[in-house]
Amino acid sequence: MTASRMGKLRTYARFLRGLPGYFSTRITLDDARAIIQKRLEHREDNFLELIANRVLGNPSSPYIPMLKMAGCELGDLRNMVRQKGLEATLLALREAGVYLTFDELKGRQPIVRNGQVIDSEPRDFNNPFLSAFLEGQTGGSSGAPTTVPVSHHNLLDDAPGLMVYRDAHGILDVPLGIWRLILPASDGMSVLLSSTYFDSVAEKWFWQGTTRSAGLSLWWRLETYGVILIVRLLGVPAPWPQNVPLDQAVTVARWAVGAVRAHGACLVSTYPSMALRVSVAAQEHGLDLTGVTFTGGGDPPTEARVRGIQQSGAKWVPQYAMAEIGVAGLGCAQPADGNDNHLLKDVVAVIQHPRPLPGSGANVDMFYFTTLLPSAPKVLLNADVDDFGVLEERHCGCPLEALGLTTHVRHIRSLSKLKAEGMTIEGSSMVHVLEEVLPARFGGTPLDYQLVEEQDNQGFTRLNLRISPAVKIDDENAVLEAMRQALSGTWTQADMAVWAQAQTLRVQRAQPIPTASGKFLPLVRHKVTETSVTDREEEDRE
């Protein structure tokens, strides 16, 4: 057995040994509120502790040379935070070069500041004080996955927010079902364990795909089932995962209908695209999902997806979470849109800073995250996570505001774009076409259309519009023309002529490709075309 595998085995064993203590106590709703309010009161102290211990106390931290180049010591930060506040301090640090771009965080580009290269790799941002954890990975939706450690403490720290959030939406004590990937440190496992901490034990854990299509190694399967076995031996009736492929979404719908019939309501934790799959399947089978609430994050809850979910009678409540942080935002009970979250300012601090939008001459205000809790899987200091949107103070009157969570983060989008022949597709414009324009014109749902950027064997970029064979289309050229017309305000006639001449945009009658975790992304990148669907799915998992 390799040293690396031995190290993983030791940390996994420590995690299992800690489970009895994890389940020895429970928190009440009053406890949850008090924890959040206390963390809000001490968020500046928590930030300074992060710098003192998890940055300066970690000799391998890439942030140390950044802070030195900026001429910033701990005493300087302490004075600045006390005088100007946390967010103003973070903005000053960002201007002084203390930040991470998305590609630097993922290890795709070296960190270069003032002409100097700072050696780093993704694991250098792992929390150095975690000794007992499950090792999971990011979803890989925008590139190769990176490993993320998830500890008991991280799961415990997520629980208060989840508890008050469910209470705000009237779904605290309803049956819980999960439809997420089985991985030891996946969001499915996190939901299962965090919810149990406040006596909300999931009744069902559905998971999509097969062990092969999900990229599950034997080790990861053993880790996952080992945790569930220990939890059950401790007297907690955690469910064994039940395989439900994406094309069998009606199985989840039928469970939800039964739960509503027995209890009046139920909650399903999943991704927005998978919630839409359940809603579509329910309508196809004549099932009414009134009383069902879907919640989760992981892929964009666009207006079209939220409308599709609601057409089945179900309710959609968003979350904003990422593997590197955990839960960072929870859905407002009086939302401005389908992706309106209260920022968990006790967990993270967020500033915005402009980043150029390639090919447009415009800027977008990117989110830069700083983790505040000692249990965070990653130590983030002004880290760009490739998201942008609206960050605002707004009075909504919902119970989460009453706790002091007055900052809203909404209309969240990723900057990831597709490029071909020197032209750039801005993501939100194309998503509108794929999810609204084409389904309205040719039929189907937002899950039936996907634009895949690929490079062919000669190195040319192709944009393949994958359309589900279930959508009956007589003239594929009409689809391309509809796209051109819908995007005429974005591209010039010359741009479109270039693409037509290069045969860049093509229609493929094939099922859109989900990620390994079952998410559906309307815009997808792949390296090489002229490969099978299986090859492309394998590439997603690399």
# chains A, B, ... in the order shown; residues from 1 in each chain; ligands from 1
>>> closest_atom_pairs(of="range 69-152 of chain A", to="range 191-202 of chain A", cutoff="12 Å", atoms="only C-alpha atoms", output="Markdown table")
| residue | atom | partner | partner_atom | distance |
| --- | --- | --- | --- | --- |
| A:Val150 | CA | A:Leu193 | CA | 11.4 |
| A:Ser151 | CA | A:Leu193 | CA | 10.9 |
| A:His152 | CA | A:Leu193 | CA | 8.9 |
>>> residues_around(residues="Gly389 in chain A", least_positions_apart="3", cutoff="7 Å", atoms="only C-alpha atoms", output="list in words")
Arg410, His411, Ile412 and Arg413 of chain A
>>> write_last_selection(atoms="C-alpha atoms", output="tab-separated table (two decimals), in the first residue's frame")
chain	number	residue	atom	x	y	z
A	410	ARG	CA	-28.51	36.53	-6.44
A	411	HIS	CA	-28.59	36.22	-10.19
A	412	ILE	CA	-25.45	34.10	-9.77
A	413	ARG	CA	-23.70	33.12	-12.99
>>> select_by_dssp(residues="range 236-303 of chain A", states="strand (DSSP E or B)", output="list in words")
Gln242, Asn243, Cys266, Leu267, Val268, Ser269, Val292, Thr293, Phe294, Thr295 and Gly296 of chain A
>>> write_last_selection(atoms="N, CA and C atoms", output="compact mmCIF listing (two decimals), in the first residue's frame")
# COMPACT_ATOMS: atom_id res chain seq x y z
N GLN A 242 -29.82 4.22 -3.10
CA GLN A 242 -30.60 3.47 -4.09
C GLN A 242 -30.31 4.05 -5.47
N ASN A 243 -29.87 3.20 -6.39
CA ASN A 243 -29.51 3.66 -7.72
C ASN A 243 -30.75 4.04 -8.52
N CYS A 266 -42.85 17.37 1.67
CA CYS A 266 -41.55 16.71 1.71
C CYS A 266 -40.51 17.61 1.07
N LEU A 267 -39.25 17.29 1.32
CA LEU A 267 -38.13 18.05 0.80
C LEU A 267 -37.22 17.12 0.01
N VAL A 268 -36.81 17.54 -1.18
CA VAL A 268 -35.87 16.77 -1.99
C VAL A 268 -34.64 17.64 -2.24
N SER A 269 -33.49 17.17 -1.79
CA SER A 269 -32.23 17.89 -1.99
C SER A 269 -31.54 17.34 -3.23
N VAL A 292 -44.28 19.42 -2.58
CA VAL A 292 -42.87 19.03 -2.69
C VAL A 292 -42.01 20.28 -2.83
N THR A 293 -40.95 20.35 -2.05
CA THR A 293 -39.97 21.44 -2.18
C THR A 293 -38.64 20.85 -2.63
N PHE A 294 -38.12 21.39 -3.71
CA PHE A 294 -36.77 21.04 -4.15
C PHE A 294 -35.81 22.10 -3.66
N THR A 295 -34.64 21.68 -3.24
CA THR A 295 -33.63 22.62 -2.78
C THR A 295 -32.26 22.14 -3.21
N GLY A 296 -31.35 23.08 -3.39
CA GLY A 296 -29.99 22.70 -3.73
C GLY A 296 -29.31 23.74 -4.59
>>> atom_distance(atom1="CA of Gly75 in chain A", atom2="CA of Phe367 in chain A")
26.4 Å
>>> atom_distance(atom1="CA of Gly443 in chain A", atom2="CA of Val471 in chain A")
6.4 Å
>>> residues_around(residues="range 395-397 of chain A", least_positions_apart="4", cutoff="9 Å", atoms="only C-alpha atoms", output="mmCIF file with C-alpha atoms, in the first residue's frame")
data_model
loop_
_atom_site.group_PDB
_atom_site.id
_atom_site.type_symbol
_atom_site.label_atom_id
_atom_site.label_comp_id
_atom_site.auth_asym_id
_atom_site.auth_seq_id
_atom_site.Cartn_x
_atom_site.Cartn_y
_atom_site.Cartn_z
ATOM 1 C CA CYS A 332 -34.559 33.897 0.860
ATOM 2 C CA ALA A 333 -38.149 33.272 1.974
ATOM 3 C CA GLN A 334 -39.194 36.503 0.197
ATOM 4 C CA PRO A 335 -37.007 36.169 -2.923
ATOM 5 C CA ALA A 336 -36.428 38.645 -5.716
ATOM 6 C CA GLU A 401 -32.882 38.784 7.780
ATOM 7 C CA ALA A 402 -34.001 38.915 11.410
ATOM 8 C CA THR A 406 -29.031 41.146 5.503
ATOM 9 C CA THR A 407 -26.743 40.691 2.476
#
>>> residues_around(residues="Pro512 in chain A", least_positions_apart="2", cutoff="9 Å", atoms="only C-alpha atoms", output="PyMOL selection string")
chain A and resi 447-452+465-468+510+514+520-522
>>> write_last_selection(atoms="C-alpha atoms", output="CSV table (one decimal), in the first residue's frame")
chain,number,residue,atom,x,y,z
A,447,LEU,CA,-32.7,19.7,-20.7
A,448,ASP,CA,-33.0,18.8,-24.4
A,449,TYR,CA,-30.5,21.4,-25.7
A,450,GLN,CA,-26.8,21.8,-25.0
A,451,LEU,CA,-24.0,23.6,-26.7
A,452,VAL,CA,-20.7,21.7,-26.6
A,465,LEU,CA,-25.6,21.9,-30.6
A,466,ARG,CA,-26.8,18.6,-29.1
A,467,ILE,CA,-30.5,18.2,-29.3
A,468,SER,CA,-32.3,15.2,-27.8
A,510,ALA,CA,-27.8,13.1,-29.5
A,514,PRO,CA,-24.7,15.3,-17.9
A,520,PHE,CA,-26.8,19.4,-16.5
A,521,LEU,CA,-24.8,22.2,-17.9
A,522,PRO,CA,-26.1,24.0,-20.9
>>> closest_residue(among="A:His153, A:His169, A:Arg232, A:Arg180", to="Thr515 in chain A", atoms="only C-alpha atoms")
A:Arg180
>>> select_by_dssp(residues="range 25-258 of chain A", states="alpha helix (DSSP H)", output="PyMOL selection string")
chain A and resi 29-41+43-49+63-69+74-84+86-95+102-105+152-168+187-196+218-233+250-258
>>> residues_around(residues="Asp247 in chain A", least_positions_apart="4", cutoff="10 Å", atoms="only C-alpha atoms", output="compact mmCIF listing (two decimals) with C-alpha atoms, in the first residue's frame")
# COMPACT_ATOMS: atom_id res chain seq x y z
CA GLN A 208 -27.76 8.60 -10.36
CA GLY A 209 -25.81 6.50 -12.80
CA THR A 251 -38.91 7.03 -9.17
CA ARG A 277 -36.00 16.12 -14.55
CA VAL A 278 -38.21 14.96 -11.67
CA ALA A 281 -41.18 13.05 -15.36
>>> atom_distance(atom1="CA of Val317 in chain A", atom2="CA of Tyr271 in chain A")
10.9 Å
>>> residues_around(residues="Arg14 in chain A", least_positions_apart="6", cutoff="8 Å", atoms="only C-alpha atoms", output="list in words")
Ser131, Ala132 and Phe133 of chain A
>>> residues_around(residues="Val348 in chain A", least_positions_apart="5", cutoff="12 Å", atoms="only C-alpha atoms", output="PyMOL selection string")
chain A and resi 39-40+43-44+46-47+50+86-87+90+158+320-322+324-329+342-343+367-376+378-383+405+407
>>> write_last_selection(atoms="N, CA and C atoms", output="compact mmCIF listing (two decimals), in the first residue's frame")
# COMPACT_ATOMS: atom_id res chain seq x y z
N ARG A 39 -21.44 33.95 15.73
CA ARG A 39 -20.42 33.99 14.68
C ARG A 39 -20.43 35.32 13.95
N LEU A 40 -21.60 35.91 13.77
CA LEU A 40 -21.68 37.24 13.14
C LEU A 40 -20.99 38.29 14.00
N ARG A 43 -17.07 37.86 13.52
CA ARG A 43 -16.53 37.55 12.20
C ARG A 43 -15.18 38.24 11.95
N GLU A 44 -14.97 39.44 12.47
CA GLU A 44 -13.68 40.11 12.29
C GLU A 44 -12.58 39.38 13.05
N ASN A 46 -12.64 36.23 13.74
CA ASN A 46 -12.43 34.96 13.03
C ASN A 46 -11.52 35.16 11.81
N PHE A 47 -11.67 36.30 11.14
CA PHE A 47 -10.80 36.58 10.00
C PHE A 47 -9.34 36.73 10.46
N LEU A 50 -7.89 33.47 11.17
CA LEU A 50 -7.56 32.79 9.92
C LEU A 50 -6.16 33.21 9.44
N LEU A 86 -14.13 44.72 7.82
CA LEU A 86 -13.57 43.55 7.15
C LEU A 86 -13.59 43.69 5.63
N GLU A 87 -14.73 44.04 5.06
CA GLU A 87 -14.82 44.09 3.61
C GLU A 87 -13.91 45.15 3.02
N LEU A 90 -10.47 43.73 2.92
CA LEU A 90 -10.30 42.77 1.83
C LEU A 90 -10.16 43.45 0.48
N ASP A 158 -22.08 23.69 9.14
CA ASP A 158 -23.12 23.91 8.14
C ASP A 158 -24.52 23.77 8.73
N TYR A 320 -26.62 28.27 -2.18
CA TYR A 320 -25.38 28.62 -2.85
C TYR A 320 -24.26 27.93 -2.09
N ALA A 321 -23.69 26.91 -2.69
CA ALA A 321 -22.68 26.12 -2.00
C ALA A 321 -21.60 25.71 -2.98
N MET A 322 -20.43 25.44 -2.46
CA MET A 322 -19.33 24.95 -3.27
C MET A 322 -18.44 24.09 -2.39
N GLU A 324 -15.31 23.91 -1.92
CA GLU A 324 -14.20 24.57 -1.22
C GLU A 324 -14.64 25.27 0.06
N ILE A 325 -15.92 25.58 0.19
CA ILE A 325 -16.41 26.36 1.31
C ILE A 325 -17.44 25.60 2.13
N GLY A 326 -18.33 24.90 1.46
CA GLY A 326 -19.53 24.39 2.08
C GLY A 326 -20.68 25.30 1.67
N VAL A 327 -21.64 25.47 2.54
CA VAL A 327 -22.79 26.30 2.24
C VAL A 327 -22.43 27.76 2.47
N ALA A 328 -22.59 28.60 1.43
CA ALA A 328 -22.25 30.02 1.52
C ALA A 328 -23.47 30.92 1.45
N GLY A 329 -24.60 30.41 0.98
CA GLY A 329 -25.81 31.21 0.87
C GLY A 329 -27.03 30.32 0.93
N HIS A 342 -29.58 34.50 0.92
CA HIS A 342 -28.95 35.28 1.98
C HIS A 342 -27.51 34.82 2.11
N LEU A 343 -26.57 35.72 1.95
CA LEU A 343 -25.17 35.38 2.13
C LEU A 343 -24.91 35.06 3.59
N PHE A 367 -17.13 37.69 -7.82
CA PHE A 367 -17.13 37.46 -6.39
C PHE A 367 -15.75 36.96 -5.96
N TYR A 368 -15.23 37.51 -4.86
CA TYR A 368 -13.99 37.04 -4.25
C TYR A 368 -14.32 36.61 -2.82
N PHE A 369 -14.09 35.34 -2.52
CA PHE A 369 -14.50 34.74 -1.26
C PHE A 369 -13.34 34.64 -0.28
N THR A 370 -13.66 34.91 0.99
CA THR A 370 -12.73 34.68 2.10
C THR A 370 -13.44 33.83 3.14
N THR A 371 -12.86 32.70 3.49
CA THR A 371 -13.47 31.82 4.50
C THR A 371 -13.19 32.37 5.89
N LEU A 372 -14.15 32.20 6.79
CA LEU A 372 -14.02 32.76 8.14
C LEU A 372 -14.00 31.71 9.24
N LEU A 373 -14.52 30.52 8.98
CA LEU A 373 -14.60 29.52 10.05
C LEU A 373 -13.38 28.62 10.05
N PRO A 374 -12.91 28.21 11.23
CA PRO A 374 -11.73 27.33 11.31
C PRO A 374 -11.93 25.99 10.62
N SER A 375 -13.19 25.59 10.40
CA SER A 375 -13.47 24.28 9.84
C SER A 375 -13.53 24.27 8.32
N ALA A 376 -13.38 25.42 7.66
CA ALA A 376 -13.52 25.48 6.21
C ALA A 376 -12.58 24.49 5.52
N LYS A 378 -11.17 24.60 2.61
CA LYS A 378 -10.09 25.33 1.96
C LYS A 378 -9.89 26.67 2.68
N VAL A 379 -8.66 27.13 2.74
CA VAL A 379 -8.37 28.46 3.27
C VAL A 379 -8.37 29.41 2.09
N LEU A 380 -9.41 30.23 2.00
CA LEU A 380 -9.56 31.15 0.89
C LEU A 380 -9.40 32.58 1.38
N LEU A 381 -8.60 33.33 0.69
CA LEU A 381 -8.38 34.74 0.99
C LEU A 381 -8.50 35.50 -0.33
N ASN A 382 -9.65 36.15 -0.52
CA ASN A 382 -9.92 36.85 -1.78
C ASN A 382 -9.76 35.92 -2.98
N ALA A 383 -10.48 34.82 -2.95
CA ALA A 383 -10.39 33.82 -4.02
C ALA A 383 -11.54 33.99 -4.99
N LEU A 405 -28.66 38.35 8.76
CA LEU A 405 -28.17 38.00 7.43
C LEU A 405 -28.85 38.91 6.40
N THR A 407 -27.35 40.61 3.80
CA THR A 407 -26.74 40.69 2.48
C THR A 407 -27.31 39.60 1.58
>>> closest_residue(among="A:Val112, A:Val390, A:Val507, A:Met274", to="Gly297 in chain A", atoms="only C-alpha atoms")
A:Met274
>>> closest_residue(among="A:Leu100, A:Glu95, A:Gly57, A:Gly518", to="Phe206 in chain A", atoms="only C-alpha atoms")
A:Gly518
>>> closest_residue(among="A:Asn339, A:Thr302, A:Gln37, A:Ser414", to="Pro160 in chain A", atoms="only C-alpha atoms")
A:Gln37
>>> closest_residue(among="A:Pro237, A:Lys315, A:Ile178, A:Ile27", to="Val252 in chain A", atoms="only C-alpha atoms")
A:Ile178
>>> closest_residue(among="A:Ala482, A:Leu134, A:Asp299, A:Leu463", to="Leu222 in chain A", atoms="only C-alpha atoms")
A:Leu134
>>> closest_atom_pairs(of="range 288-373 of chain A", to="range 427-437 of chain A", cutoff="12 Å", atoms="only C-alpha atoms", output="Markdown table")
| residue | atom | partner | partner_atom | distance |
| --- | --- | --- | --- | --- |
| A:Pro300 | CA | A:Val431 | CA | 9.9 |
| A:Pro301 | CA | A:Glu435 | CA | 11.2 |
| A:Thr302 | CA | A:Glu435 | CA | 8.4 |
| A:Glu303 | CA | A:Glu435 | CA | 8.8 |
| A:Ala304 | CA | A:Glu435 | CA | 6.1 |
| A:Arg305 | CA | A:Glu435 | CA | 7.8 |
| A:Val306 | CA | A:Glu435 | CA | 11.0 |
| A:Arg307 | CA | A:Glu436 | CA | 10.6 |
| A:Gly308 | CA | A:Glu435 | CA | 10.3 |
| A:Leu357 | CA | A:Gly427 | CA | 10.9 |
| A:Pro358 | CA | A:Gly427 | CA | 11.8 |
